[in-house]
$ cat structure08.cif   # mmCIF, C-alpha atoms
data_model
#
loop_
_atom_site.group_PDB
_atom_site.id
_atom_site.type_symbol
_atom_site.label_atom_id
_atom_site.label_comp_id
_atom_site.auth_asym_id
_atom_site.auth_seq_id
_atom_site.Cartn_x
_atom_site.Cartn_y
_atom_site.Cartn_z
ATOM 1 C CA MET F 1 11.271 7.760 -41.572
ATOM 2 C CA PRO F 2 12.716 6.950 -38.133
ATOM 3 C CA LYS F 3 10.302 6.150 -35.350
ATOM 4 C CA ALA F 4 9.790 8.862 -32.775
ATOM 5 C CA ARG F 5 11.516 8.055 -29.499
ATOM 6 C CA LYS F 6 9.272 7.538 -26.535
ATOM 7 C CA PRO F 7 9.641 10.215 -23.846
ATOM 8 C CA PRO F 8 11.493 8.970 -20.754
ATOM 9 C CA LEU F 9 9.326 7.750 -17.917
ATOM 10 C CA PRO F 10 8.935 10.281 -15.122
ATOM 11 C CA LYS F 11 11.070 9.635 -12.077
ATOM 12 C CA PRO F 12 9.013 8.214 -9.202
ATOM 13 C CA GLN F 13 7.916 10.600 -6.475
ATOM 14 C CA GLN F 14 7.971 7.777 -3.933
ATOM 15 C CA LEU F 15 10.913 5.387 -4.020
ATOM 16 C CA LEU F 16 12.120 2.357 -2.066
ATOM 17 C CA LEU F 17 15.798 1.434 -2.519
ATOM 18 C CA VAL F 18 16.799 -2.209 -1.953
ATOM 19 C CA GLU F 19 20.052 -4.143 -2.249
ATOM 20 C CA GLY F 20 19.117 -6.673 -4.912
ATOM 21 C CA LYS F 21 16.530 -8.355 -7.095
ATOM 22 C CA ASN F 22 15.579 -10.893 -4.417
ATOM 23 C CA ASP F 23 14.647 -8.047 -2.054
ATOM 24 C CA GLN F 24 12.744 -6.392 -4.895
ATOM 25 C CA HIS F 25 10.684 -9.488 -5.701
ATOM 26 C CA VAL F 26 9.962 -10.352 -2.056
ATOM 27 C CA ILE F 27 8.660 -6.829 -1.449
ATOM 28 C CA TRP F 28 6.609 -6.845 -4.651
ATOM 29 C CA ALA F 29 5.061 -10.157 -3.593
ATOM 30 C CA LEU F 30 4.221 -8.884 -0.101
ATOM 31 C CA CYS F 31 2.649 -5.740 -1.546
ATOM 32 C CA GLU F 32 0.527 -7.904 -3.833
ATOM 33 C CA GLN F 33 -0.601 -10.189 -1.021
ATOM 34 C CA TYR F 34 -1.480 -7.236 1.206
ATOM 35 C CA ASN F 35 -3.252 -5.408 -1.660
ATOM 36 C CA LEU F 36 -1.101 -2.300 -1.308
ATOM 37 C CA PRO F 37 -1.621 0.329 -4.010
ATOM 38 C CA GLU F 38 1.236 0.786 -6.481
ATOM 39 C CA THR F 39 2.206 4.307 -5.473
ATOM 40 C CA PHE F 40 5.938 3.739 -4.968
ATOM 41 C CA SER F 41 8.746 2.235 -7.032
ATOM 42 C CA VAL F 42 11.078 -0.495 -5.696
ATOM 43 C CA GLU F 43 14.529 -0.077 -7.237
ATOM 44 C CA VAL F 44 18.001 -1.609 -7.061
ATOM 45 C CA PRO F 45 20.556 1.211 -7.479
ATOM 46 C CA GLY F 46 23.297 0.966 -10.058
ATOM 47 C CA LYS F 47 23.084 0.484 -13.829
ATOM 48 C CA GLU F 48 25.528 -2.416 -13.967
ATOM 49 C CA ILE F 49 24.134 -5.959 -13.957
ATOM 50 C CA ASP F 50 23.591 -7.110 -10.380
ATOM 51 C CA ARG F 51 25.294 -3.949 -9.075
ATOM 52 C CA GLY F 52 23.056 -3.363 -6.065
ATOM 53 C CA GLY F 53 24.354 -3.957 -2.561
ATOM 54 C CA ILE F 54 24.815 -1.648 0.394
ATOM 55 C CA ASP F 55 27.684 0.291 -1.236
ATOM 56 C CA ALA F 56 25.560 1.185 -4.256
ATOM 57 C CA ILE F 57 22.785 2.421 -1.959
ATOM 58 C CA LEU F 58 25.146 4.516 0.161
ATOM 59 C CA GLU F 59 26.791 5.980 -2.935
ATOM 60 C CA SER F 60 23.447 6.942 -4.461
ATOM 61 C CA LEU F 61 21.798 8.524 -1.411
ATOM 62 C CA LYS F 62 22.943 12.129 -1.861
ATOM 63 C CA LEU F 63 21.787 12.264 -5.479
ATOM 64 C CA ARG F 64 18.532 10.471 -4.710
ATOM 65 C CA ILE F 65 17.701 12.900 -1.928
ATOM 66 C CA LYS F 66 18.281 15.827 -4.312
ATOM 67 C CA GLN F 67 16.078 14.252 -7.003
ATOM 68 C CA PRO F 68 13.476 16.837 -8.092
ATOM 69 C CA LYS F 69 9.920 16.182 -6.895
ATOM 70 C CA LEU F 70 10.941 13.172 -4.783
ATOM 71 C CA GLN F 71 8.510 13.085 -1.868
ATOM 72 C CA THR F 72 9.429 9.900 -0.006
ATOM 73 C CA LEU F 73 12.581 7.762 0.071
ATOM 74 C CA GLY F 74 12.656 4.373 1.784
ATOM 75 C CA ILE F 75 15.771 2.247 2.307
ATOM 76 C CA VAL F 76 15.767 -1.512 2.978
ATOM 77 C CA VAL F 77 19.150 -3.136 3.639
ATOM 78 C CA ASP F 78 20.523 -6.187 5.435
ATOM 79 C CA ALA F 79 21.811 -5.669 8.959
ATOM 80 C CA ASP F 80 24.425 -8.360 8.221
ATOM 81 C CA GLN F 81 26.770 -9.254 11.099
ATOM 82 C CA ASP F 82 26.881 -5.830 12.789
ATOM 83 C CA LEU F 83 23.491 -4.129 12.915
ATOM 84 C CA LEU F 84 24.750 -0.979 14.641
ATOM 85 C CA ALA F 85 27.597 -0.515 12.165
ATOM 86 C CA ARG F 86 25.174 -0.815 9.260
ATOM 87 C CA TRP F 87 22.782 1.662 10.906
ATOM 88 C CA GLN F 88 25.615 4.099 11.583
ATOM 89 C CA ALA F 89 26.748 3.957 7.947
ATOM 90 C CA ILE F 90 23.276 4.952 6.742
ATOM 91 C CA ARG F 91 22.852 7.494 9.533
ATOM 92 C CA ASN F 92 26.125 9.204 8.598
ATOM 93 C CA ARG F 93 25.115 9.530 4.934
ATOM 94 C CA LEU F 94 21.719 10.955 5.842
ATOM 95 C CA MET F 95 23.259 13.460 8.256
ATOM 96 C CA GLU F 96 25.701 14.519 5.517
ATOM 97 C CA SER F 97 22.624 15.183 3.371
ATOM 98 C CA GLY F 98 21.141 17.473 6.006
ATOM 99 C CA TYR F 99 18.841 15.218 8.038
ATOM 100 C CA GLN F 100 19.127 16.266 11.666
ATOM 101 C CA THR F 101 17.068 14.068 13.978
ATOM 102 C CA ILE F 102 18.218 10.478 13.523
ATOM 103 C CA PRO F 103 18.289 8.048 16.483
ATOM 104 C CA THR F 104 21.543 6.319 17.378
ATOM 105 C CA VAL F 105 19.886 2.887 17.228
ATOM 106 C CA PRO F 106 17.174 1.686 14.820
ATOM 107 C CA PRO F 107 13.616 1.602 16.224
ATOM 108 C CA PRO F 108 12.141 -1.938 16.340
ATOM 109 C CA ASP F 109 9.216 -1.032 14.063
ATOM 110 C CA GLY F 110 11.398 0.644 11.431
ATOM 111 C CA TRP F 111 12.385 4.318 11.291
ATOM 112 C CA MET F 112 10.901 7.217 9.397
ATOM 113 C CA TYR F 113 11.289 10.977 9.617
ATOM 114 C CA THR F 114 9.896 14.078 7.970
ATOM 115 C CA GLN F 115 12.061 17.184 7.663
ATOM 116 C CA PRO F 116 11.014 20.410 5.892
ATOM 117 C CA ASP F 117 12.372 20.885 2.356
ATOM 118 C CA LYS F 118 13.582 17.271 2.131
ATOM 119 C CA PRO F 119 11.986 13.986 1.148
ATOM 120 C CA LYS F 120 10.358 12.005 3.924
ATOM 121 C CA ILE F 121 12.883 9.286 4.800
ATOM 122 C CA GLY F 122 12.533 5.740 6.141
ATOM 123 C CA VAL F 123 14.923 2.870 6.921
ATOM 124 C CA TRP F 124 14.324 -0.830 7.592
ATOM 125 C CA LEU F 125 17.214 -3.164 8.510
ATOM 126 C CA MET F 126 16.552 -6.793 7.592
ATOM 127 C CA PRO F 127 15.410 -8.892 9.231
ATOM 128 C CA ASP F 128 13.681 -6.947 12.038
ATOM 129 C CA ASN F 129 15.735 -3.816 12.937
ATOM 130 C CA GLN F 130 16.920 -5.567 16.109
ATOM 131 C CA LEU F 131 19.009 -8.588 15.138
ATOM 132 C CA PRO F 132 21.926 -9.155 12.777
ATOM 133 C CA GLY F 133 20.924 -10.964 9.611
ATOM 134 C CA MET F 134 19.593 -10.513 6.106
ATOM 135 C CA LEU F 135 16.622 -10.897 3.795
ATOM 136 C CA GLU F 136 16.778 -14.682 4.050
ATOM 137 C CA ASP F 137 16.381 -14.495 7.855
ATOM 138 C CA PHE F 138 13.239 -12.420 7.270
ATOM 139 C CA VAL F 139 11.905 -14.934 4.737
ATOM 140 C CA ALA F 140 12.652 -17.879 7.043
ATOM 141 C CA HIS F 141 10.094 -16.395 9.444
ATOM 142 C CA LEU F 142 7.505 -16.861 6.688
ATOM 143 C CA ILE F 143 7.860 -20.652 6.730
ATOM 144 C CA PRO F 144 4.609 -21.920 8.289
ATOM 145 C CA SER F 145 5.070 -22.676 11.994
ATOM 146 C CA ASN F 146 3.772 -26.254 11.670
ATOM 147 C CA ASP F 147 5.935 -27.104 8.651
ATOM 148 C CA SER F 148 7.528 -30.547 8.925
ATOM 149 C CA LEU F 149 10.331 -29.942 6.429
ATOM 150 C CA ARG F 150 11.974 -27.014 8.198
ATOM 151 C CA PRO F 151 13.549 -29.124 11.006
ATOM 152 C CA LYS F 152 14.900 -31.478 8.340
ATOM 153 C CA ALA F 153 16.360 -28.581 6.358
ATOM 154 C CA GLU F 154 17.948 -27.121 9.500
ATOM 155 C CA ALA F 155 19.424 -30.499 10.432
ATOM 156 C CA ILE F 156 20.962 -31.180 7.020
ATOM 157 C CA VAL F 157 22.470 -27.688 6.746
ATOM 158 C CA GLN F 158 23.958 -28.008 10.254
ATOM 159 C CA GLU F 159 25.323 -31.457 9.431
ATOM 160 C CA ILE F 160 27.015 -30.181 6.288
ATOM 161 C CA GLU F 161 28.567 -27.309 8.266
ATOM 162 C CA GLN F 162 29.750 -29.593 11.081
ATOM 163 C CA LEU F 163 31.446 -31.848 8.531
ATOM 164 C CA LYS F 164 32.942 -28.732 6.907
ATOM 165 C CA LEU F 165 31.456 -29.699 3.565
ATOM 166 C CA ASN F 166 29.796 -26.323 3.039
ATOM 167 C CA ARG F 167 31.322 -24.127 0.368
ATOM 168 C CA TYR F 168 29.538 -20.996 1.586
ATOM 169 C CA THR F 169 30.752 -18.721 4.375
ATOM 170 C CA PRO F 170 29.031 -18.816 7.793
ATOM 171 C CA ILE F 171 27.278 -15.494 7.150
ATOM 172 C CA HIS F 172 25.372 -17.181 4.313
ATOM 173 C CA HIS F 173 23.887 -19.901 6.538
ATOM 174 C CA PRO F 174 20.404 -18.296 6.261
ATOM 175 C CA LYS F 175 20.627 -18.408 2.451
ATOM 176 C CA ALA F 176 21.548 -22.112 2.548
ATOM 177 C CA LEU F 177 18.667 -22.860 4.914
ATOM 178 C CA ILE F 178 15.853 -21.098 3.051
ATOM 179 C CA HIS F 179 16.967 -22.326 -0.368
ATOM 180 C CA THR F 180 17.338 -25.905 0.920
ATOM 181 C CA TRP F 181 13.769 -25.697 2.227
ATOM 182 C CA LEU F 182 12.505 -24.201 -1.047
ATOM 183 C CA ALA F 183 14.264 -26.978 -3.005
ATOM 184 C CA TRP F 184 12.016 -29.538 -1.297
ATOM 185 C CA GLN F 185 8.680 -27.956 -2.209
ATOM 186 C CA GLU F 186 6.191 -29.142 -4.833
ATOM 187 C CA THR F 187 7.915 -26.815 -7.296
ATOM 188 C CA PRO F 188 11.583 -27.264 -6.315
ATOM 189 C CA GLY F 189 13.782 -24.184 -6.204
ATOM 190 C CA MET F 190 10.986 -21.630 -6.397
ATOM 191 C CA PRO F 191 12.338 -18.064 -5.906
ATOM 192 C CA MET F 192 11.394 -16.449 -2.597
ATOM 193 C CA GLY F 193 9.082 -13.830 -4.078
ATOM 194 C CA GLN F 194 7.281 -16.434 -6.155
ATOM 195 C CA ALA F 195 6.921 -18.666 -3.080
ATOM 196 C CA ILE F 196 5.145 -15.809 -1.283
ATOM 197 C CA THR F 197 2.823 -15.269 -4.249
ATOM 198 C CA ALA F 198 2.070 -19.015 -4.370
ATOM 199 C CA GLN F 199 1.505 -18.940 -0.582
ATOM 200 C CA VAL F 200 4.118 -21.638 -0.054
ATOM 201 C CA LEU F 201 5.501 -19.079 2.376
ATOM 202 C CA SER F 202 3.075 -17.532 4.851
ATOM 203 C CA TYR F 203 2.879 -13.839 3.972
ATOM 204 C CA ASN F 204 0.848 -12.936 7.076
ATOM 205 C CA ALA F 205 3.550 -13.851 9.612
ATOM 206 C CA GLU F 206 4.140 -11.316 12.395
ATOM 207 C CA ILE F 207 7.409 -10.045 10.928
ATOM 208 C CA ALA F 208 5.753 -9.506 7.523
ATOM 209 C CA ASN F 209 2.853 -7.658 9.159
ATOM 210 C CA LYS F 210 5.306 -5.356 10.913
ATOM 211 C CA PHE F 211 7.256 -4.679 7.720
ATOM 212 C CA VAL F 212 4.110 -3.956 5.719
ATOM 213 C CA GLU F 213 2.845 -1.608 8.448
ATOM 214 C CA TRP F 214 6.144 0.287 8.123
ATOM 215 C CA LEU F 215 5.639 0.535 4.360
ATOM 216 C CA LYS F 216 2.082 1.779 4.854
ATOM 217 C CA ARG F 217 3.162 4.462 7.325
ATOM 218 C CA LEU F 218 6.140 5.537 5.238
ATOM 219 C CA PHE F 219 4.257 5.853 1.962
ATOM 220 C CA GLU F 220 0.932 6.766 3.598
ATOM 221 C CA LEU F 221 -0.868 3.803 2.087
ATOM 222 C CA ALA F 222 -4.154 2.093 2.676
ATOM 223 C CA ASN F 223 -4.972 -1.409 1.462
ATOM 224 C CA ALA F 224 -6.342 -1.246 -2.054
ATOM 225 C CA SER F 225 -9.438 -3.097 -0.852
ATOM 226 C CA GLU F 226 -10.166 -0.521 1.848
#
$ encode --input "structure08.cif" --output "structure tokens"
Amino acid sequence: MPKARKPPLPKPQQLLLVEGKNDQHVIWALCEQYNLPETFSVEVPGKEIDRGGIDAILESLKLRIKQPKLQTLGIVVDADQDLLARWQAIRNRLMESGYQTIPTVPPPDGWMYTQPDKPKIGVWLMPDNQLPGMLEDFVAHLIPSNDSLRPKAEAIVQEIEQLKLNRYTPIHHPKALIHTWLAWQETPGMPMGQAITAQVLSYNAEIANKFVEWLKRLFELANASE
């Protein structure tokens, strides 16, 4: 007799969309370190392996917003080289979905908005809503301020770039820096999320505090220990 199929899991009522698995694991690790309750799901859009990315998020927004019973939708994406262009792309999609009051520039502490008959919405542009960059720029701020290896990592990455030995594009300089630094730790090559959990990276840096405060306001969270 065939086994009964398990019913599908209910779709989350609170959802945070991110570009990739690294973003997902960094955010999970921060939530763990800050003892945030598990009331929202962190998802990478797209069923294909490693689909993710900004295009997948933009393509999925209209359907996500119409998802039955969805209460809150957060979006975390890289600002990349042009922060205002990235903000405008998200702003346009949200306005097409009926959101009306969206600022023309991202607020420094992250943006969120509640509109009747629609999910509460929030957007954070990595690293800090103010500067171009990406997740790895955010994570670089978590390197302890008195760390003696960071200047060495910065020097070797710059030297490689000056000699034109780098095989990565200039926009990926932050990735080269943080992963060079992580390669020199007690456990070489530790993923970023794992490094936060192991407290190799300092989770309570100012930029992390600001990001977590945005999460707490967006999803109306209190620390689990409170």
$ resolve_selection --input "structure08.cif" --expression "the PyMOL selection byres ((chain F and resi 52) around 12)" --output "MDAnalysis selection string"
chainID F and resid 17:24 43:51 53:60 76:77
$ write_last_selection --input "structure08.cif" --atoms "C-alpha atoms" --output "PDB file, in the coordinates of the input"
ATOM      1  CA  LEU F  17      15.798   1.434  -2.519  1.00  0.00           C
ATOM      2  CA  VAL F  18      16.799  -2.209  -1.953  1.00  0.00           C
ATOM      3  CA  GLU F  19      20.052  -4.143  -2.249  1.00  0.00           C
ATOM      4  CA  GLY F  20      19.117  -6.673  -4.912  1.00  0.00           C
ATOM      5  CA  LYS F  21      16.530  -8.355  -7.095  1.00  0.00           C
ATOM      6  CA  ASN F  22      15.579 -10.893  -4.417  1.00  0.00           C
ATOM      7  CA  ASP F  23      14.647  -8.047  -2.054  1.00  0.00           C
ATOM      8  CA  GLN F  24      12.744  -6.392  -4.895  1.00  0.00           C
ATOM      9  CA  GLU F  43      14.529  -0.077  -7.237  1.00  0.00           C
ATOM     10  CA  VAL F  44      18.001  -1.609  -7.061  1.00  0.00           C
ATOM     11  CA  PRO F  45      20.556   1.211  -7.479  1.00  0.00           C
ATOM     12  CA  GLY F  46      23.297   0.966 -10.058  1.00  0.00           C
ATOM     13  CA  LYS F  47      23.084   0.484 -13.829  1.00  0.00           C
ATOM     14  CA  GLU F  48      25.528  -2.416 -13.967  1.00  0.00           C
ATOM     15  CA  ILE F  49      24.134  -5.959 -13.957  1.00  0.00           C
ATOM     16  CA  ASP F  50      23.591  -7.110 -10.380  1.00  0.00           C
ATOM     17  CA  ARG F  51      25.294  -3.949  -9.075  1.00  0.00           C
ATOM     18  CA  GLY F  53      24.354  -3.957  -2.561  1.00  0.00           C
ATOM     19  CA  ILE F  54      24.815  -1.648   0.394  1.00  0.00           C
ATOM     20  CA  ASP F  55      27.684   0.291  -1.236  1.00  0.00           C
ATOM     21  CA  ALA F  56      25.560   1.185  -4.256  1.00  0.00           C
ATOM     22  CA  ILE F  57      22.785   2.421  -1.959  1.00  0.00           C
ATOM     23  CA  LEU F  58      25.146   4.516   0.161  1.00  0.00           C
ATOM     24  CA  GLU F  59      26.791   5.980  -2.935  1.00  0.00           C
ATOM     25  CA  SER F  60      23.447   6.942  -4.461  1.00  0.00           C
ATOM     26  CA  VAL F  76      15.767  -1.512   2.978  1.00  0.00           C
ATOM     27  CA  VAL F  77      19.150  -3.136   3.639  1.00  0.00           C
TER      28      VAL F  77
END
$ resolve_selection --input "structure08.cif" --expression "the PyMOL selection byres ((chain F and resi 149) around 12)" --output "tab-separated table (two decimals) with C-alpha atoms, in the coordinates of the input"
chain	number	residue	atom	x	y	z
F	143	ILE	CA	7.86	-20.65	6.73
F	144	PRO	CA	4.61	-21.92	8.29
F	145	SER	CA	5.07	-22.68	11.99
F	146	ASN	CA	3.77	-26.25	11.67
F	147	ASP	CA	5.94	-27.10	8.65
F	148	SER	CA	7.53	-30.55	8.93
F	150	ARG	CA	11.97	-27.01	8.20
F	151	PRO	CA	13.55	-29.12	11.01
F	152	LYS	CA	14.90	-31.48	8.34
F	153	ALA	CA	16.36	-28.58	6.36
F	154	GLU	CA	17.95	-27.12	9.50
F	155	ALA	CA	19.42	-30.50	10.43
F	156	ILE	CA	20.96	-31.18	7.02
F	177	LEU	CA	18.67	-22.86	4.91
F	178	ILE	CA	15.85	-21.10	3.05
F	180	THR	CA	17.34	-25.90	0.92
F	181	TRP	CA	13.77	-25.70	2.23
F	182	LEU	CA	12.50	-24.20	-1.05
F	183	ALA	CA	14.26	-26.98	-3.00
F	184	TRP	CA	12.02	-29.54	-1.30
F	185	GLN	CA	8.68	-27.96	-2.21
$ closest_residue --input "structure08.cif" --among "F:Met190, F:Val26, F:Val212, F:Ala222" --to "F:Glu136" --atoms "all atoms listed in the file"
F:Val26
$ closest_residue --input "structure08.cif" --among "F:Gly133, F:Gln33, F:Leu84, F:Arg93" --to "F:Ile171" --atoms "all atoms listed in the file"
F:Gly133
$ resolve_selection --input "structure08.cif" --expression "the PyMOL selection byres ((chain F and resi 16) around 10)" --output "list in words"
Pro12, Gln14, Leu15, Leu17, Val18, Gln24, Ile27, Phe40, Ser41, Val42, Glu43, Val44, Thr72, Leu73, Gly74, Ile75, Val76, Ile121, Gly122, Val123, Leu215, Leu218 and Phe219 of chain F
$ atom_distance --input "structure08.cif" --atom1 "atom CA of F:Asp80" --atom2 "atom CA of F:Pro132"
5.3 Å
$ closest_residue --input "structure08.cif" --among "F:Asn209, F:Asn129, F:Asn166, F:Gln158" --to "F:Cys31" --atoms "all atoms listed in the file"
F:Asn209
$ residues_around --input "structure08.cif" --residues "F:Phe138" --least-positions-apart "4" --cutoff "9 Å" --atoms "all atoms listed in the file" --output "list of chain:residue names"
F:Met126, F:Pro127, F:Asp128, F:Gly133, F:Met134, F:Leu142, F:Ile207, F:Ala208
$ axis_aligned_box --input "structure08.cif" --around "stretch 186-201 of chain F" --padding-each-side "6 Å" --output "JSON"
{"center_x": 7.6, "center_y": -21.5, "center_z": -2.5, "size_x": 24.3, "size_y": 27.3, "size_z": 21.7}
$ closest_residue --input "structure08.cif" --among "F:Lys118, F:His141, F:Arg167, F:His25" --to "F:Met192" --atoms "only C-alpha atoms"
F:His25
$ closest_residue --input "structure08.cif" --among "F:Ile160, F:Val139, F:Ala89, F:Leu61" --to "F:Gln194" --atoms "all atoms listed in the file"
F:Val139
$ build_atoms --input "structure08.cif" --residues "stretch 157-173 of chain F" --atoms "N, CA, C and O atoms" --output "CSV table (one decimal), keeping the file's coordinate frame"
chain,number,residue,atom,x,y,z
F,157,VAL,N,21.5,-28.8,6.9
F,157,VAL,CA,22.5,-27.7,6.7
F,157,VAL,C,23.5,-27.7,7.9
F,157,VAL,O,24.7,-27.5,7.7
F,158,GLN,N,23.0,-27.9,9.1
F,158,GLN,CA,24.0,-28.0,10.3
F,158,GLN,C,24.9,-29.2,10.1
F,158,GLN,O,26.1,-29.0,10.4
F,159,GLU,N,24.4,-30.3,9.6
F,159,GLU,CA,25.3,-31.5,9.4
F,159,GLU,C,26.4,-31.2,8.4
F,159,GLU,O,27.6,-31.5,8.6
F,160,ILE,N,26.0,-30.5,7.3
F,160,ILE,CA,27.0,-30.2,6.3
F,160,ILE,C,28.1,-29.2,6.9
F,160,ILE,O,29.3,-29.4,6.6
F,161,GLU,N,27.6,-28.3,7.7
F,161,GLU,CA,28.6,-27.3,8.3
F,161,GLU,C,29.5,-28.0,9.3
F,161,GLU,O,30.7,-27.7,9.4
F,162,GLN,N,28.9,-28.9,10.1
F,162,GLN,CA,29.8,-29.6,11.1
F,162,GLN,C,30.8,-30.5,10.4
F,162,GLN,O,31.9,-30.6,10.9
F,163,LEU,N,30.5,-31.0,9.3
F,163,LEU,CA,31.4,-31.8,8.5
F,163,LEU,C,32.4,-31.0,7.7
F,163,LEU,O,33.2,-31.6,7.0
F,164,LYS,N,32.2,-29.7,7.7
F,164,LYS,CA,32.9,-28.7,6.9
F,164,LYS,C,32.9,-29.0,5.4
F,164,LYS,O,33.9,-28.9,4.7
F,165,LEU,N,31.7,-29.4,5.0
F,165,LEU,CA,31.5,-29.7,3.6
F,165,LEU,C,30.9,-28.5,2.9
F,165,LEU,O,30.8,-28.5,1.6
F,166,ASN,N,30.4,-27.5,3.6
F,166,ASN,CA,29.8,-26.3,3.0
F,166,ASN,C,30.8,-25.5,2.3
F,166,ASN,O,32.0,-25.3,2.8
F,167,ARG,N,30.4,-25.0,1.2
F,167,ARG,CA,31.3,-24.1,0.4
F,167,ARG,C,30.9,-22.7,0.5
F,167,ARG,O,31.5,-21.8,-0.1
F,168,TYR,N,30.0,-22.4,1.3
F,168,TYR,CA,29.5,-21.0,1.6
F,168,TYR,C,30.1,-20.6,2.9
F,168,TYR,O,30.5,-21.4,3.8
F,169,THR,N,30.2,-19.3,3.1
F,169,THR,CA,30.8,-18.7,4.4
F,169,THR,C,29.7,-18.7,5.4
F,169,THR,O,28.5,-18.8,5.1
F,170,PRO,N,30.0,-18.7,6.7
F,170,PRO,CA,29.0,-18.8,7.8
F,170,PRO,C,27.9,-17.7,7.7
F,170,PRO,O,26.8,-18.0,8.1
F,171,ILE,N,28.3,-16.6,7.2
F,171,ILE,CA,27.3,-15.5,7.2
F,171,ILE,C,26.1,-15.9,6.2
F,171,ILE,O,25.0,-15.3,6.3
F,172,HIS,N,26.4,-16.8,5.3
F,172,HIS,CA,25.4,-17.2,4.3
F,172,HIS,C,24.6,-18.4,4.7
F,172,HIS,O,23.8,-19.0,3.9
F,173,HIS,N,24.7,-18.8,6.0
F,173,HIS,CA,23.9,-19.9,6.5
F,173,HIS,C,22.4,-19.7,6.3
F,173,HIS,O,21.7,-20.6,5.8
